[in-house]
$ cat final39.cif   # mmCIF, C-alpha atoms
data_target
loop_
_atom_site.label_atom_id
_atom_site.label_comp_id
_atom_site.auth_asym_id
_atom_site.auth_seq_id
_atom_site.Cartn_x
_atom_site.Cartn_y
_atom_site.Cartn_z
CA MET A 1 -5.20 29.30 27.92
CA THR A 2 -5.88 25.89 29.47
CA THR A 3 -9.24 25.64 27.75
CA PHE A 4 -7.52 26.30 24.43
CA PHE A 5 -5.14 23.37 24.89
CA TYR A 6 -7.93 21.12 26.12
CA ALA A 7 -9.93 22.08 23.02
CA ILE A 8 -6.99 21.07 20.82
CA GLY A 9 -6.67 17.79 22.73
CA ASP A 10 -10.39 17.07 22.42
CA PHE A 11 -10.26 17.80 18.68
CA LEU A 12 -7.31 15.43 18.19
CA THR A 13 -9.04 12.74 20.26
CA TRP A 14 -12.12 13.12 18.07
CA THR A 15 -10.12 12.93 14.81
CA PHE A 16 -8.16 9.84 15.93
CA GLY A 17 -11.47 8.16 16.70
CA PHE A 18 -11.80 7.88 12.92
CA PHE A 19 -8.98 5.33 12.89
CA GLU A 20 -10.78 3.16 15.42
CA SER A 21 -13.78 2.91 13.12
CA ILE A 22 -11.58 1.88 10.19
CA GLY A 23 -9.85 -0.85 12.18
CA ASN A 24 -7.67 -3.17 10.13
CA ILE A 25 -9.45 -2.55 6.84
CA PHE A 26 -6.75 -0.18 5.58
CA ASN A 27 -3.93 -2.55 6.55
CA ASN A 28 -5.63 -5.48 4.83
CA ALA A 29 -6.27 -3.39 1.72
CA VAL A 30 -2.59 -2.41 1.52
CA ILE A 31 -1.50 -6.04 1.86
CA ILE A 32 -3.97 -7.20 -0.80
CA LEU A 33 -2.94 -4.42 -3.20
CA GLY A 34 0.70 -5.32 -2.58
CA PHE A 35 0.10 -8.94 -3.55
CA ILE A 36 -1.87 -7.89 -6.64
CA GLY A 37 1.03 -5.64 -7.65
CA LEU A 38 3.50 -8.44 -7.01
CA PHE A 39 1.63 -10.90 -9.21
CA TYR A 40 1.19 -8.26 -11.92
CA TRP A 41 4.93 -7.56 -11.91
CA LEU A 42 5.81 -11.27 -11.89
CA ASN A 43 3.56 -11.78 -14.93
CA TRP A 44 5.38 -9.01 -16.81
CA GLN A 45 8.73 -10.47 -15.78
CA ARG A 46 7.68 -13.90 -17.07
CA LYS A 47 6.80 -12.34 -20.44
CA PHE A 48 10.13 -10.51 -20.62
CA ASN A 49 12.05 -13.68 -19.76
CA LYS A 50 10.19 -15.63 -22.44
CA ARG A 51 10.96 -12.94 -25.01
CA ALA A 52 14.65 -12.96 -23.96
CA GLU A 53 14.88 -16.74 -24.38
CA GLU A 54 13.42 -16.50 -27.89
CA ASN A 55 16.06 -13.96 -28.98
CA PRO A 56 19.55 -15.44 -28.49
CA ASN A 57 21.28 -12.56 -30.36
CA GLN A 58 21.10 -10.12 -27.52
CA LEU A 59 23.62 -8.79 -25.09
CA LYS A 60 23.38 -10.49 -21.69
#
$ encode --input "final39.cif" --output "structure tokens"
Amino acid sequence: MTTFFYAIGDFLTWTFGFFESIGNIFNNAVIILGFIGLFYWLNWQRKFNKRAEENPNQLK
């Protein structure tokens, strides 16, 4: 039974080695995509605000 648990531990150690090869690439990609999404959303918000200023007959 001990060899079974050691085999599971060795397998998990091998699979987590994948994260060491990735390093910080995933974290940096998430941060960059977050900023791209932020600027995309801010651009849409600017367009909506401009459209709201042009139409004074709306409920605010």
$ atom_distance --input "final39.cif" --atom1 "CA of Gly37 in chain A" --atom2 "CA of Ala52 in chain A"
22.5 Å
$ atom_distance --input "final39.cif" --atom1 "CA of Val30 in chain A" --atom2 "CA of Asn49 in chain A"
28.2 Å
$ atom_distance --input "final39.cif" --atom1 "CA of Ile8 in chain A" --atom2 "CA of Asn27 in chain A"
27.8 Å
$ decode --input "final39.cif" --residues "chain A" --atoms "C-alpha atoms" --output "compact mmCIF listing (two decimals), in the first residue's frame"
# COMPACT_ATOMS: atom_id res chain seq x y z
CA MET A 1 0.00 0.00 0.00
CA THR A 2 2.93 2.33 0.68
CA THR A 3 4.14 2.06 -2.90
CA PHE A 4 0.68 3.08 -4.08
CA PHE A 5 0.74 6.29 -2.05
CA TYR A 6 4.31 7.03 -3.09
CA ALA A 7 3.24 6.55 -6.71
CA ILE A 8 0.44 9.08 -6.23
CA GLY A 9 2.90 11.49 -4.59
CA ASP A 10 5.42 11.07 -7.40
CA PHE A 11 2.69 11.67 -9.99
CA LEU A 12 1.55 14.87 -8.25
CA THR A 13 5.15 16.06 -7.95
CA TRP A 14 5.61 15.46 -11.67
CA THR A 15 2.39 17.31 -12.60
CA PHE A 16 3.21 20.32 -10.39
CA GLY A 17 6.58 20.53 -12.13
CA PHE A 18 4.57 21.90 -15.07
CA PHE A 19 3.89 25.07 -13.08
CA GLU A 20 7.58 25.63 -12.50
CA SER A 21 8.20 25.65 -16.24
CA ILE A 22 5.43 28.20 -16.78
CA GLY A 23 6.78 30.55 -14.11
CA ASN A 24 5.14 33.97 -14.03
CA ILE A 25 3.97 33.91 -17.64
CA PHE A 26 0.39 33.05 -16.67
CA ASN A 27 0.24 35.74 -13.98
CA ASN A 28 1.59 38.37 -16.36
CA ALA A 29 -0.87 37.31 -19.06
CA VAL A 30 -3.80 37.65 -16.65
CA ILE A 31 -2.65 41.13 -15.59
CA ILE A 32 -2.20 42.25 -19.21
CA LEU A 33 -5.60 40.87 -20.24
CA GLY A 34 -7.15 42.61 -17.24
CA PHE A 35 -5.73 45.96 -18.31
CA ILE A 36 -6.85 45.40 -21.91
CA GLY A 37 -10.36 44.63 -20.64
CA LEU A 38 -10.29 47.70 -18.41
CA PHE A 39 -9.35 50.02 -21.26
CA TYR A 40 -11.93 48.39 -23.55
CA TRP A 41 -14.65 48.94 -20.93
CA LEU A 42 -13.53 52.52 -20.26
CA ASN A 43 -13.73 53.26 -23.99
CA TRP A 44 -17.32 51.95 -24.11
CA GLN A 45 -18.18 53.97 -21.00
CA ARG A 46 -16.77 57.13 -22.61
CA LYS A 47 -18.99 56.55 -25.67
CA PHE A 48 -22.07 56.02 -23.49
CA ASN A 49 -21.34 59.17 -21.50
CA LYS A 50 -20.93 61.19 -24.68
CA ARG A 51 -24.23 59.86 -26.02
CA ALA A 52 -25.94 60.69 -22.69
CA GLU A 53 -24.65 64.28 -22.78
CA GLU A 54 -25.99 64.74 -26.31
CA ASN A 55 -29.51 63.65 -25.29
CA PRO A 56 -30.78 65.91 -22.47
CA ASN A 57 -34.35 64.48 -22.64
CA GLN A 58 -33.57 61.33 -20.77
CA LEU A 59 -34.28 60.15 -17.28
CA LYS A 60 -31.26 60.49 -15.00
